[in-house]
file data-v2.txt (compact mmCIF, C-alpha atoms)
# COMPACT_ATOMS: atom_id res chain seq x y z
CA MET J 530 0.00 0.00 0.00
CA ARG J 531 2.92 2.32 0.62
CA PRO J 532 3.75 2.81 -3.13
CA MET J 533 0.12 3.75 -3.79
CA LYS J 534 0.25 6.34 -1.01
CA ARG J 535 3.45 7.79 -2.43
CA LEU J 536 1.84 8.05 -5.90
CA SER J 537 -1.17 9.87 -4.39
CA LEU J 538 1.13 12.41 -2.78
CA VAL J 539 2.90 13.02 -6.10
CA LEU J 540 -0.41 13.55 -7.91
CA PHE J 541 -1.54 15.94 -5.18
CA ALA J 542 1.68 17.92 -5.55
CA VAL J 543 1.25 18.17 -9.34
CA ALA J 544 -2.37 19.25 -8.98
CA LEU J 545 -1.36 21.91 -6.48
CA ALA J 546 1.45 23.19 -8.68
CA ALA J 547 -0.69 23.55 -11.82
CA PRO J 548 -2.80 26.53 -10.70
CA LEU J 549 0.23 28.15 -9.15
CA GLN J 550 2.09 27.92 -12.45
CA ALA J 551 -0.93 29.24 -14.35
CA GLN J 552 -0.86 32.41 -12.21
CA ASP J 553 2.94 32.77 -12.33
CA TRP J 554 2.60 35.92 -14.47
CA LYS J 555 1.09 37.81 -11.55
CA GLY J 556 3.20 39.99 -9.29
CA MET J 557 3.55 43.58 -8.10
CA GLY J 558 4.69 45.26 -11.30
CA ARG J 559 2.66 47.84 -13.23
CA LEU J 560 2.32 48.69 -16.92
CA PHE J 561 0.26 51.55 -18.30
CA GLY J 562 -0.03 53.59 -21.44
CA LYS J 563 -2.21 55.27 -24.04
CA VAL J 564 -3.39 54.36 -27.55
CA THR J 565 -3.87 57.12 -30.14
CA ASP J 566 -4.46 57.57 -33.84
CA ALA J 567 -1.18 57.99 -35.72
CA THR J 568 -2.70 60.58 -38.06
CA ASP J 569 -4.53 63.02 -35.78
CA ASN J 570 -3.25 61.89 -32.36
CA LYS J 571 -6.82 61.42 -31.09
CA PRO J 572 -7.32 58.80 -28.37
CA ILE J 573 -8.70 55.44 -29.45
CA ALA J 574 -11.33 54.22 -27.01
CA GLY J 575 -12.25 50.54 -26.82
CA ALA J 576 -8.93 49.24 -28.16
CA SER J 577 -7.88 45.79 -26.97
CA VAL J 578 -4.56 45.67 -25.09
CA LYS J 579 -3.27 42.13 -24.60
CA LEU J 580 -0.43 41.60 -22.13
CA ASP J 581 1.25 38.21 -22.50
CA CYS J 582 4.24 36.58 -20.82
CA PRO J 583 4.63 33.12 -22.42
CA SER J 584 7.50 32.16 -20.14
CA ARG J 585 5.28 32.64 -17.09
CA GLY J 586 2.13 31.05 -18.47
CA GLY J 587 -0.03 33.89 -19.79
CA GLY J 588 -1.29 37.34 -18.99
CA THR J 589 -4.41 39.46 -19.34
CA THR J 590 -6.36 41.61 -21.79
CA LEU J 591 -7.54 45.18 -21.13
CA THR J 592 -9.68 47.72 -22.96
CA THR J 593 -8.74 51.39 -23.34
CA ASP J 594 -11.03 53.99 -21.78
CA LYS J 595 -12.54 57.01 -23.55
CA LYS J 596 -9.18 58.79 -23.26
CA GLY J 597 -7.39 55.86 -24.87
CA SER J 598 -5.66 55.02 -21.59
CA TRP J 599 -5.05 51.63 -19.98
CA ALA J 600 -3.20 50.33 -16.91
CA PHE J 601 -2.66 47.10 -14.99
CA GLN J 602 -1.15 46.63 -11.55
CA GLY J 603 -0.11 43.08 -10.65
CA LEU J 604 2.46 41.86 -13.16
CA ALA J 605 5.54 39.72 -12.60
CA ALA J 606 8.96 40.71 -13.94
CA CYS J 607 9.01 39.51 -17.57
CA ASN J 608 9.53 40.49 -21.18
CA TRP J 609 5.90 41.45 -21.78
CA ASN J 610 4.41 41.09 -25.25
CA VAL J 611 1.92 43.92 -25.81
CA ASP J 612 -0.56 43.53 -28.70
CA ILE J 613 -2.91 46.43 -29.50
CA LYS J 614 -6.00 45.89 -31.68
CA ALA J 615 -8.75 48.35 -32.64
CA ASP J 616 -11.42 48.31 -35.33
CA GLY J 617 -10.23 50.08 -38.46
CA TYR J 618 -6.55 50.04 -37.45
CA GLN J 619 -3.52 47.87 -38.08
CA VAL J 620 -2.44 45.65 -35.20
CA LYS J 621 0.56 46.92 -33.24
CA SER J 622 2.85 44.55 -31.32
CA ILE J 623 5.86 45.38 -29.14
CA THR J 624 7.82 43.78 -26.30
CA VAL J 625 8.30 45.68 -23.03
CA PRO J 626 11.09 44.38 -20.73
CA MET J 627 10.19 44.55 -17.03
CA THR J 628 13.38 43.55 -15.21
CA SER J 629 11.93 44.00 -11.73
CA GLU J 630 8.47 44.20 -10.21
CA GLN J 631 9.64 47.32 -8.38
CA ALA J 632 10.89 48.98 -11.59
CA ARG J 633 9.36 52.37 -12.41
CA MET J 634 8.17 51.70 -15.97
CA ALA J 635 7.77 54.39 -18.61
CA PRO J 636 4.32 54.77 -20.22
CA VAL J 637 3.70 52.41 -23.13
CA ASP J 638 2.20 54.98 -25.50
CA LEU J 639 1.42 53.57 -28.94
CA LYS J 640 0.09 55.13 -32.13
CA LEU J 641 -1.99 53.00 -34.49
CA ASP J 642 -2.07 53.37 -38.26
CA LYS J 643 -5.32 53.11 -40.14
CA ALA J 644 -5.97 49.63 -41.55
CA LYS J 645 -5.08 49.14 -45.19
CA GLY J 646 -7.92 48.16 -47.49
CA PRO J 647 -11.64 48.10 -46.67
CA PRO J 648 -12.82 47.11 -43.19
CA PRO J 649 -13.83 43.45 -42.77
CA GLU J 650 -17.50 44.28 -42.15
CA LEU J 651 -17.65 46.13 -45.47
CA VAL J 652 -16.10 43.20 -47.34
CA GLU J 653 -18.49 40.80 -45.61
CA ALA J 654 -21.55 42.88 -46.53
CA LEU J 655 -20.43 43.16 -50.15
CA LYS J 656 -19.78 39.42 -50.44
CA ALA J 657 -23.14 38.62 -48.84
CA GLY J 658 -24.86 41.04 -51.20
CA ASP J 659 -23.20 39.54 -54.27
CA ALA J 660 -24.05 35.99 -53.19
CA ALA J 661 -27.69 36.90 -52.54
CA PHE J 662 -27.89 38.80 -55.85
CA THR J 663 -26.62 35.75 -57.75
CA ALA J 664 -29.13 33.55 -55.93
CA GLN J 665 -31.88 36.13 -56.61
CA GLN J 666 -32.51 36.53 -52.89
CA TRP J 667 -33.51 40.13 -53.47
CA PRO J 668 -34.30 41.35 -49.91
CA VAL J 669 -31.00 40.01 -48.57
CA ALA J 670 -29.06 41.48 -51.49
CA ARG J 671 -30.75 44.86 -51.08
CA GLU J 672 -30.11 44.95 -47.32
CA ASN J 673 -26.39 44.25 -47.74
CA TYR J 674 -25.89 46.62 -50.66
CA GLU J 675 -27.62 49.42 -48.76
CA LYS J 676 -25.34 48.67 -45.79
CA VAL J 677 -22.30 49.03 -48.06
CA ALA J 678 -23.67 52.29 -49.47
CA THR J 679 -24.14 53.66 -45.92
CA MET J 680 -20.64 52.64 -44.82
CA ARG J 681 -18.96 53.87 -47.99
CA PRO J 682 -21.03 56.51 -49.83
CA ASP J 683 -18.28 56.73 -52.43
CA LEU J 684 -19.06 53.13 -53.45
CA ALA J 685 -22.82 53.70 -53.67
CA PRO J 686 -22.85 54.76 -57.35
CA GLN J 687 -21.33 51.42 -58.33
CA LEU J 688 -24.29 49.70 -56.69
CA TYR J 689 -27.03 51.76 -58.38
CA PRO J 690 -27.48 49.39 -61.36
CA ARG J 691 -27.76 46.36 -59.07
CA LEU J 692 -30.17 48.11 -56.72
CA ALA J 693 -32.24 49.05 -59.75
CA ARG J 694 -32.27 45.40 -60.84
CA ILE J 695 -33.35 44.32 -57.34
CA TYR J 696 -36.18 46.84 -57.16
CA GLY J 697 -37.26 45.84 -60.64
CA ALA J 698 -37.40 42.18 -59.60
CA GLU J 699 -39.45 43.22 -56.57
CA LYS J 700 -41.89 45.02 -58.91
CA ASN J 701 -40.99 48.38 -57.43
CA THR J 702 -40.63 50.12 -60.78
CA GLU J 703 -40.50 53.62 -59.33
CA LYS J 704 -37.44 52.82 -57.21
CA ALA J 705 -35.82 50.84 -60.03
CA LEU J 706 -36.07 53.80 -62.40
CA GLU J 707 -34.91 56.16 -59.65
CA TYR J 708 -31.65 54.24 -59.24
CA LEU J 709 -31.15 53.92 -62.98
CA GLN J 710 -31.58 57.67 -63.33
CA LYS J 711 -29.05 58.20 -60.52
CA ALA J 712 -26.56 56.02 -62.38
CA ILE J 713 -27.10 57.97 -65.59
CA ASP J 714 -26.85 61.35 -63.84
CA LEU J 715 -23.49 60.33 -62.38
CA ASP J 716 -22.16 59.19 -65.74
CA PRO J 717 -24.10 60.73 -68.66
CA SER J 718 -21.59 59.25 -71.09
CA ASN J 719 -22.59 55.68 -70.14
CA GLN J 720 -24.74 54.85 -73.14
CA GLN J 721 -25.15 51.22 -72.11
CA MET J 722 -26.74 52.31 -68.83
CA LYS J 723 -29.28 54.35 -70.78
CA LEU J 724 -30.17 51.22 -72.74
CA VAL J 725 -30.55 49.30 -69.49
CA ALA J 726 -32.82 52.04 -68.15
CA ALA J 727 -34.91 52.05 -71.33
CA ASN J 728 -35.33 48.27 -71.14
CA ALA J 729 -36.29 48.47 -67.47
CA ALA J 730 -38.94 51.05 -68.28
CA MET J 731 -40.18 48.90 -71.17
CA ASP J 732 -40.41 45.82 -68.94
CA ALA J 733 -42.50 47.86 -66.50
CA GLY J 734 -44.86 48.89 -69.30
CA LEU J 735 -43.65 52.51 -69.24
CA THR J 736 -43.13 52.92 -72.98
CA ASP J 737 -43.07 56.72 -72.86
CA LYS J 738 -40.37 56.65 -70.18
CA ALA J 739 -38.36 54.18 -72.28
CA LEU J 740 -38.54 56.57 -75.24
CA VAL J 741 -37.25 59.41 -73.04
CA PHE J 742 -34.17 57.37 -72.14
CA LEU J 743 -33.68 56.32 -75.77
CA ALA J 744 -33.77 59.91 -76.97
CA THR J 745 -30.59 60.64 -74.98
CA ILE J 746 -28.53 57.79 -76.46
CA ASP J 747 -25.59 58.46 -78.73
CA ASP J 748 -25.99 55.58 -81.17
CA ALA J 749 -22.40 55.88 -82.37
CA LYS J 750 -21.18 54.85 -78.91
CA ILE J 751 -23.29 51.68 -78.65
CA THR J 752 -20.98 48.75 -79.33
CA ASN J 753 -23.42 45.83 -79.80
CA GLY J 754 -26.99 45.21 -80.85
CA ASP J 755 -28.29 43.18 -77.90
CA GLY J 756 -29.85 46.10 -76.04
CA TYR J 757 -31.55 47.37 -79.17
CA PHE J 758 -32.86 43.87 -79.88
CA ASP J 759 -34.44 43.57 -76.43
CA LEU J 760 -36.09 46.95 -76.83
CA ALA J 761 -37.44 46.04 -80.26
CA VAL J 762 -38.99 42.86 -78.88
CA GLY J 763 -40.65 44.97 -76.17
CA PHE J 764 -42.13 47.31 -78.76
CA LEU J 765 -43.32 44.38 -80.87
CA ARG J 766 -45.10 42.81 -77.90
CA ARG J 767 -46.99 46.08 -77.48
CA ASN J 768 -47.96 46.07 -81.16
CA ASP J 769 -45.77 49.11 -81.81
CA SER J 770 -44.43 47.84 -85.13
CA ALA J 771 -42.91 51.19 -86.14
CA ASN J 772 -40.57 51.38 -83.16
CA ALA J 773 -40.00 47.63 -83.37
CA VAL J 774 -38.72 47.98 -86.94
CA GLU J 775 -36.55 50.96 -85.97
CA TYR J 776 -34.79 49.13 -83.14
CA PHE J 777 -34.48 45.79 -84.92
CA THR J 778 -32.77 47.78 -87.66
CA LYS J 779 -30.43 49.39 -85.15
CA SER J 780 -29.73 45.93 -83.73
CA VAL J 781 -28.62 44.38 -87.04
CA ALA J 782 -26.67 47.53 -87.89
CA LYS J 783 -24.51 46.83 -84.82
CA ASP J 784 -24.41 43.07 -85.39
CA PRO J 785 -25.58 41.78 -88.80
CA LYS J 786 -25.49 38.19 -87.52
CA ILE J 787 -28.37 38.54 -85.05
CA VAL J 788 -30.62 36.17 -87.00
CA GLU J 789 -33.64 36.61 -84.77
CA ALA J 790 -33.61 40.36 -85.36
CA TYR J 791 -34.25 39.80 -89.08
CA TYR J 792 -37.02 37.31 -88.37
CA TRP J 793 -38.88 39.52 -85.92
CA ARG J 794 -38.38 42.61 -88.03
CA GLY J 795 -40.01 40.63 -90.83
CA VAL J 796 -42.94 39.96 -88.50
CA ALA J 797 -43.13 43.68 -87.67
CA TYR J 798 -43.16 44.48 -91.42
CA LEU J 799 -46.03 42.02 -91.84
CA GLN J 800 -47.99 43.97 -89.20
CA GLN J 801 -47.46 47.05 -91.39
CA GLN J 802 -48.48 45.13 -94.52
CA LYS J 803 -45.02 45.75 -96.03
CA MET J 804 -44.77 42.43 -97.79
CA ALA J 805 -41.62 43.10 -99.83
CA GLU J 806 -39.63 44.10 -96.75
CA ALA J 807 -41.02 41.15 -94.79
CA LYS J 808 -40.04 38.69 -97.51
CA ALA J 809 -36.54 40.18 -97.76
CA ASP J 810 -36.01 39.69 -94.02
CA MET J 811 -37.26 36.09 -94.12
CA GLN J 812 -34.87 35.38 -97.01
CA LYS J 813 -32.04 36.84 -94.96
CA VAL J 814 -32.93 34.53 -92.06
CA ILE J 815 -32.81 31.49 -94.37
CA GLU J 816 -29.47 32.67 -95.74
CA LEU J 817 -27.96 33.00 -92.25
CA ASP J 818 -29.62 29.96 -90.66
CA PRO J 819 -30.73 27.61 -93.46
CA SER J 820 -31.20 24.49 -91.34
CA GLY J 821 -31.73 26.03 -87.90
CA PRO J 822 -34.96 26.80 -86.07
CA ASN J 823 -35.09 30.39 -87.28
CA GLY J 824 -34.56 29.28 -90.87
CA GLU J 825 -37.43 26.79 -90.58
CA LYS J 826 -39.73 29.47 -89.16
CA ALA J 827 -38.77 31.85 -91.97
CA LYS J 828 -39.53 29.18 -94.64
CA LYS J 829 -43.01 28.68 -93.16
CA ALA J 830 -43.59 32.44 -93.08
CA LEU J 831 -42.61 32.73 -96.74
CA GLU J 832 -45.00 29.91 -97.64
CA GLN J 833 -47.82 31.75 -95.94
CA MET J 834 -46.98 34.97 -97.78
CA LYS J 835 -47.38 33.40 -101.25
call {"tool": "encode", "arguments": {"input": "data-v2.txt", "output": "C-alpha cells"}}
result
Amino acid sequence: MRPMKRLSLVLFAVALAAPLQAQDWKGMGRLFGKVTDATDNKPIAGASVKLDCPSRGGGTTLTTDKKGSWAFQGLAACNWNVDIKADGYQVKSITVPMTSEQARMAPVDLKLDKAKGPPPELVEALKAGDAAFTAQQWPVARENYEKVATMRPDLAPQLYPRLARIYGAEKNTEKALEYLQKAIDLDPSNQQMKLVAANAAMDAGLTDKALVFLATIDDAKITNGDGYFDLAVGFLRRNDSANAVEYFTKSVAKDPKIVEAYYWRGVAYLQQQKMAEAKADMQKVIELDPSGPNGEKAKKALEQMK
C-alpha cells in the first residue's frame, strides 16, 4: 500500500502546482499607457490591449477607456508582449522588458495606423450582397448593398445598377427607375446604362419613359446590338411595329449576324403590310440559318406569304 500512497502524494503535488504555475505571471509590477491615432493623435477608445508573458504562463487583456488610456497593476517581472488591436486600425505589437516588479516603468504609448484596405465588415456585406444577388434573394441582397452604401457613400454609385435590378425584380418600378436615373446622372456618357434604363422602363410597361431614355442615347457609342434587340422585342409585344422595326434595324446595324432580329423585323413588317420588306427579311434569315430553327420558321412564313 505504501507505493500507492506515495503516488497519491505526487499527484496531489502536481495538482497543487498547476494553478500556481498558471498564475505565475502575476506579481507587483505595473504597466500603463495610451493608444492614439497615428494621423490626428486622437485617443482610441475601446482598443484591446493584450499583455502576454509566455515564459510565465499567460497574462491578461484590457480595454482602453474614452481617453485611450489603460493600466494594470499586478504583473511579474518579464519580457511582456503587448498587442494592440482596434477596429479600423492595423495591429501593433511590441515587447516591453520589465526587469523588476519594483521597476518604475515608462508609459507604453502607442500610435496605431489606419488599416489598409476596406474594413472586414464592409467586405463581408459586399460578399453577402453579391451571393444573394446571384441567388436572386432580393431582400438580402438589397439589405447588404444598402449597408455598403451607408458605410462607404463613395461606393454607392457602383451599386445603383444592381439596386435598380433588385427593385425591378421586386416590382418596385418607381425605385428601379430612380436608381437607374441616378446612375445615368453620375455618368451621362454611359450609353449602355441608358439602354438598361430604357429596357427596365419597357419591362414595366412605361413605354413613354423608355422613349425618353432612348432619346438621350448616342448611337455611335453603342458597341453591340443586344440592347436594341431587347427593346425592339418589347415594342413588338406592345404592337408598336414602327418602333419595333426601328430598333431591330439598329440591332442588325450593330451586329448583322443577329438572326432573330431579321425574323422579328419581318414579322413587324407584316404587321405594317409591307410584304416586300417582310419577304426580304425572311430570305435573310434562311441565308444566315438555313437548317436552324429560325430558318425553318422563316420558310413557313414565306409559304404563308405566297
call {"tool": "closest_residue", "arguments": {"input": "data-v2.txt", "among": "J:Gln710, J:Gly795, J:Thr745, J:Met557", "to": "Ala632 in chain J", "atoms": "all atoms listed in the file"}}
result
J:Met557
call {"tool": "atom_distance", "arguments": {"input": "data-v2.txt", "atom1": "CA of Arg794 in chain J", "atom2": "CA of Leu817 in chain J"}}
result
14.8 Å
call {"tool": "residues_near_point", "arguments": {"input": "data-v2.txt", "point": "(-32.2, 38.1, -54.6)", "cutoff": "12 Å", "atoms": "all atoms listed in the file", "output": "list in words"}}
result
Ala657, Gly658, Asp659, Ala660, Ala661, Phe662, Thr663, Ala664, Gln665, Gln666, Trp667, Pro668, Val669, Ala670, Arg671, Glu672, Asn673, Tyr674, Arg691, Leu692, Arg694, Ile695, Tyr696, Gly697, Ala698 and Glu699 of chain J
call {"tool": "closest_residue", "arguments": {"input": "data-v2.txt", "among": "J:Asp810, J:Asp553, J:Asp569, J:Asp581", "to": "Ala605 in chain J", "atoms": "all atoms listed in the file"}}
result
J:Asp553
call {"tool": "residues_around", "arguments": {"input": "data-v2.txt", "residues": "range 572-575 of chain J", "least_positions_apart": "3", "cutoff": "9 Å", "atoms": "only C-alpha atoms", "output": "PDB file with C-alpha atoms, keeping the file's coordinate frame"}}
result
ATOM      1  CA  LYS J 563      -2.210  55.270 -24.040  1.00  0.00           C
ATOM      2  CA  VAL J 564      -3.390  54.360 -27.550  1.00  0.00           C
ATOM      3  CA  THR J 565      -3.870  57.120 -30.140  1.00  0.00           C
ATOM      4  CA  ASP J 566      -4.460  57.570 -33.840  1.00  0.00           C
ATOM      5  CA  ASP J 569      -4.530  63.020 -35.780  1.00  0.00           C
ATOM      6  CA  THR J 592      -9.680  47.720 -22.960  1.00  0.00           C
ATOM      7  CA  THR J 593      -8.740  51.390 -23.340  1.00  0.00           C
ATOM      8  CA  ASP J 594     -11.030  53.990 -21.780  1.00  0.00           C
ATOM      9  CA  LYS J 595     -12.540  57.010 -23.550  1.00  0.00           C
ATOM     10  CA  LYS J 596      -9.180  58.790 -23.260  1.00  0.00           C
ATOM     11  CA  GLY J 597      -7.390  55.860 -24.870  1.00  0.00           C
ATOM     12  CA  SER J 598      -5.660  55.020 -21.590  1.00  0.00           C
ATOM     13  CA  ALA J 615      -8.750  48.350 -32.640  1.00  0.00           C
ATOM     14  CA  ASP J 616     -11.420  48.310 -35.330  1.00  0.00           C
ATOM     15  CA  LEU J 641      -1.990  53.000 -34.490  1.00  0.00           C
TER      16      LEU J 641
END
call {"tool": "residues_around", "arguments": {"input": "data-v2.txt", "residues": "range 617-622 of chain J", "least_positions_apart": "6", "cutoff": "8 Å", "atoms": "all atoms listed in the file", "output": "number ranges by chain"}}
result
J: 610-611, 639, 641-645, 648
call {"tool": "write_last_selection", "arguments": {"input": "data-v2.txt", "atoms": "C-alpha atoms", "output": "PDB file, keeping the file's coordinate frame"}}
result
ATOM      1  CA  ASN J 610       4.410  41.090 -25.250  1.00  0.00           C
ATOM      2  CA  VAL J 611       1.920  43.920 -25.810  1.00  0.00           C
ATOM      3  CA  LEU J 639       1.420  53.570 -28.940  1.00  0.00           C
ATOM      4  CA  LEU J 641      -1.990  53.000 -34.490  1.00  0.00           C
ATOM      5  CA  ASP J 642      -2.070  53.370 -38.260  1.00  0.00           C
ATOM      6  CA  LYS J 643      -5.320  53.110 -40.140  1.00  0.00           C
ATOM      7  CA  ALA J 644      -5.970  49.630 -41.550  1.00  0.00           C
ATOM      8  CA  LYS J 645      -5.080  49.140 -45.190  1.00  0.00           C
ATOM      9  CA  PRO J 648     -12.820  47.110 -43.190  1.00  0.00           C
TER      10      PRO J 648
END
call {"tool": "axis_aligned_box", "arguments": {"input": "data-v2.txt", "around": "range 722-738 of chain J", "padding_each_side": "6 Å", "output": "lines of an AutoDock Vina configuration file"}}
result
center_x = -35.8
center_y = 51.3
center_z = -69.7
size_x = 30.1
size_y = 22.9
size_z = 18.5
call {"tool": "closest_residue", "arguments": {"input": "data-v2.txt", "among": "J:Met811, J:Leu560, J:Ala567, J:Leu684", "to": "Ala600 in chain J", "atoms": "all atoms listed in the file"}}
result
J:Leu560
call {"tool": "closest_residue", "arguments": {"input": "data-v2.txt", "among": "J:Arg559, J:Lys656, J:Lys835, J:Lys614", "to": "Ser577 in chain J", "atoms": "only C-alpha atoms"}}
result
J:Lys614
call {"tool": "closest_residue", "arguments": {"input": "data-v2.txt", "among": "J:Gln631, J:Gln800, J:Asn753, J:Thr679", "to": "Ser780 in chain J", "atoms": "only C-alpha atoms"}}
result
J:Asn753
